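**Q** I'd like to ask some things about the structure below.
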Amino acid sequence: MKHYLLPLTFIIITIAGMTSCRKKADTLANIYVRDESNAVVEGAMVVLYGTNTQNPPVQLVAVYDTAFTNAAGMASFNYNDIYQLGQAGVAVLDIKAQLLNKIGQGIIKIEPEQVNEETVFIQP
């Protein structure tokens with residue numbers, strides 16, 4: 001009976017370890033930029049950044065990311081390095097989009113393990 005105990009214990013631990021490990025899915029933010037006529041805007045600079053909302057301000061982990069829109073008017077950001085499994089949320093970030101003299105702003109809530117999307121309209 002004792003010679004079955006060690007292999008059985010090993011099998012149980014192996015199965016428990018395989019079922020408890022989970023690979024996290026991507027946490028992405030896609031920002032679409034459009035102009036005042038609702039046309040997609042290629043080459044716009046999009047900045048996602050955190051704003052301190054506490055009074056008095058406290059030192060927090062700063063998020064300040066920049067990307068440029070592609071031909072579909074989309075700038076993509078990857079937040080896999082910020083989100084950790086088990087974390088309640090990721091971030092609420094301000095959006096600033098700009099192309100030449102046209103500027104637009106917005107806010108996006110980054111939910112974990114999802115493709116988060118927001119559209120910003122730029123105008124002069």
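If you're wondering about the labels, chains in the structure tokens are A, B, ... by order shown, residues count from 1 in each chain, ligands from 1 in order shown.
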Neighbours of region 32-36 of chain A within 10 Å (only C-alpha atoms; same-chain residues fewer than 6 positions away dropped), as a compact mmCIF listing (two decimals) with N, CA and C atoms, in the first residue's frame?
**A**
```txt
# COMPACT_ATOMS: atom_id res chain seq x y z
N GLU A 42 -5.25 59.41 -40.09
CA GLU A 42 -4.00 58.66 -40.08
C GLU A 42 -2.87 59.57 -39.64
N GLY A 43 -1.93 59.03 -38.84
CA GLY A 43 -0.74 59.78 -38.43
C GLY A 43 -0.95 60.71 -37.26
N ALA A 44 -2.07 60.63 -36.58
CA ALA A 44 -2.29 61.47 -35.40
C ALA A 44 -1.52 60.90 -34.22
N MET A 45 -0.98 61.77 -33.39
CA MET A 45 -0.29 61.35 -32.18
C MET A 45 -1.32 61.18 -31.07
N VAL A 46 -1.33 60.00 -30.44
CA VAL A 46 -2.25 59.71 -29.36
C VAL A 46 -1.43 59.46 -28.09
N PHE A 68 1.03 56.39 -32.69
CA PHE A 68 0.47 57.12 -33.82
C PHE A 68 -0.58 56.25 -34.51
N THR A 69 -1.62 56.89 -35.02
CA THR A 69 -2.70 56.15 -35.67
C THR A 69 -2.24 55.58 -37.00
N ASN A 70 -2.78 54.41 -37.33
CA ASN A 70 -2.48 53.75 -38.60
C ASN A 70 -3.47 54.21 -39.67
N ALA A 72 -6.17 52.96 -40.54
CA ALA A 72 -7.55 52.82 -40.09
C ALA A 72 -7.90 53.83 -39.00
N GLY A 73 -6.96 54.72 -38.68
CA GLY A 73 -7.21 55.72 -37.64
C GLY A 73 -7.10 55.19 -36.23
N MET A 74 -6.40 54.06 -36.05
CA MET A 74 -6.31 53.42 -34.74
C MET A 74 -4.89 53.44 -34.20
N ALA A 75 -4.78 53.80 -32.93
CA ALA A 75 -3.52 53.68 -32.19
C ALA A 75 -3.74 52.60 -31.14
N SER A 76 -2.80 51.66 -31.03
CA SER A 76 -2.96 50.52 -30.13
C SER A 76 -1.92 50.56 -29.02
N ALA A 97 -5.34 63.38 -28.37
CA ALA A 97 -5.01 63.08 -29.76
C ALA A 97 -4.76 64.39 -30.49
N GLN A 98 -3.73 64.40 -31.34
CA GLN A 98 -3.39 65.64 -32.03
C GLN A 98 -2.78 65.35 -33.40
N LEU A 99 -3.20 66.16 -34.37
CA LEU A 99 -2.60 66.17 -35.70
C LEU A 99 -2.59 67.61 -36.17
N LYS A 102 -5.19 70.31 -34.99
CA LYS A 102 -6.42 69.67 -34.52
C LYS A 102 -6.12 68.84 -33.27
N ILE A 103 -6.97 69.04 -32.24
CA ILE A 103 -6.75 68.37 -30.96
C ILE A 103 -8.08 67.79 -30.47
N GLY A 104 -8.00 66.65 -29.81
CA GLY A 104 -9.17 66.04 -29.17
C GLY A 104 -8.76 65.37 -27.88
N GLU A 117 -11.75 49.91 -26.10
CA GLU A 117 -11.76 50.80 -27.26
C GLU A 117 -12.44 52.12 -26.91
N GLU A 118 -11.94 53.18 -27.52
CA GLU A 118 -12.52 54.51 -27.36
C GLU A 118 -12.27 55.29 -28.65
N THR A 119 -13.18 56.20 -28.98
CA THR A 119 -13.04 57.06 -30.15
C THR A 119 -12.90 58.50 -29.69
N VAL A 120 -11.92 59.19 -30.27
CA VAL A 120 -11.69 60.60 -29.97
C VAL A 120 -11.85 61.39 -31.26
N PHE A 121 -12.59 62.50 -31.18
CA PHE A 121 -12.78 63.38 -32.32
C PHE A 121 -11.86 64.58 -32.16
N ILE A 122 -11.10 64.88 -33.21
CA ILE A 122 -10.21 66.05 -33.18
C ILE A 122 -10.81 67.14 -34.05
N GLN A 123 -10.57 68.37 -33.62
CA GLN A 123 -11.08 69.53 -34.37
C GLN A 123 -10.15 70.71 -34.10
N PRO A 124 -10.19 71.70 -34.98
CA PRO A 124 -9.32 72.86 -34.80
C PRO A 124 -9.70 73.70 -33.59
```
**Q** Would you mind listing what lies within 12 Å of Val63 (chain A) as a ChimeraX atom specification, with only C-alpha atoms counted and same-chain residues fewer than 5 positions away left out?
**A** /A:47-52,77-79,81-82,90-95
**Q** Using only C-alpha atoms, which of the listed residues (A:Lys24, A:Asn101, A:Ala39, A:Tyr83) sits closest to Ala71 (chain A)?
**A** A:Ala39
**Q** Name the closest residue to Leu28 (chain A) among the candidates A:Asn116, A:Val40, A:Gly86, A:Leu100; distances are taken between atoms, counting only C-alpha atoms.
**A**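 Checking each candidate against Leu28 (chain A), we get A:Asn116 as the closest.
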**Q** One decimal, Å: what's the distance from CA of Gln105 (chain A) over to CA of Ile31 (chain A), could you say?
**A**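 CA of Ile31 (chain A) lies at a distance of 11.0 Å from CA of Gln105 (chain A).
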**Q** List as an MDAnalysis selection string the protein and nucleic acid residues near Thr27 (chain A), meaning an atom at most 7 Å away when only C-alpha atoms are counted, but skip any in the same chain fewer than 4 places from it.
**A** chainID A and resid 78:80 112:115
**Q** Can those selected residues be exported to a file as a PDB file, in the first residue's frame so that it contains N, CA and C atoms?
**A**
```pdb
ATOM      1  N   ASN A  78      -0.557  48.333 -25.412  1.00  0.00           N
ATOM      2  CA  ASN A  78      -0.568  47.052 -24.729  1.00  0.00           C
ATOM      3  C   ASN A  78      -0.221  47.288 -23.254  1.00  0.00           C
ATOM      4  N   TYR A  79      -1.120  46.840 -22.355  1.00  0.00           N
ATOM      5  CA  TYR A  79      -0.913  47.025 -20.917  1.00  0.00           C
ATOM      6  C   TYR A  79      -0.740  45.703 -20.186  1.00  0.00           C
ATOM      7  N   ASN A  80      -0.190  44.699 -20.868  1.00  0.00           N
ATOM      8  CA  ASN A  80       0.085  43.423 -20.218  1.00  0.00           C
ATOM      9  C   ASN A  80       1.097  43.564 -19.090  1.00  0.00           C
ATOM     10  N   PRO A 112      -9.157  44.691 -17.304  1.00  0.00           N
ATOM     11  CA  PRO A 112      -8.170  43.619 -17.475  1.00  0.00           C
ATOM     12  C   PRO A 112      -8.602  42.561 -18.473  1.00  0.00           C
ATOM     13  N   GLU A 113      -7.618  42.076 -19.234  1.00  0.00           N
ATOM     14  CA  GLU A 113      -7.774  40.969 -20.168  1.00  0.00           C
ATOM     15  C   GLU A 113      -8.882  41.213 -21.197  1.00  0.00           C
ATOM     16  N   GLN A 114      -8.968  42.449 -21.672  1.00  0.00           N
ATOM     17  CA  GLN A 114      -9.946  42.817 -22.687  1.00  0.00           C
ATOM     18  C   GLN A 114      -9.294  43.741 -23.704  1.00  0.00           C
ATOM     19  N   VAL A 115      -9.953  43.878 -24.857  1.00  0.00           N
ATOM     20  CA  VAL A 115      -9.583  44.907 -25.825  1.00  0.00           C
ATOM     21  C   VAL A 115     -10.507  46.083 -25.533  1.00  0.00           C
TER      22      VAL A 115
END
```
**Q** Please, what distance in Å, to one decimal, runs between CA of Gln84 (chain A) and CA of Ile108 (chain A)?
**A**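 Value for the CA of Gln84 (chain A)-CA of Ile108 (chain A) distance: 19.0 Å.
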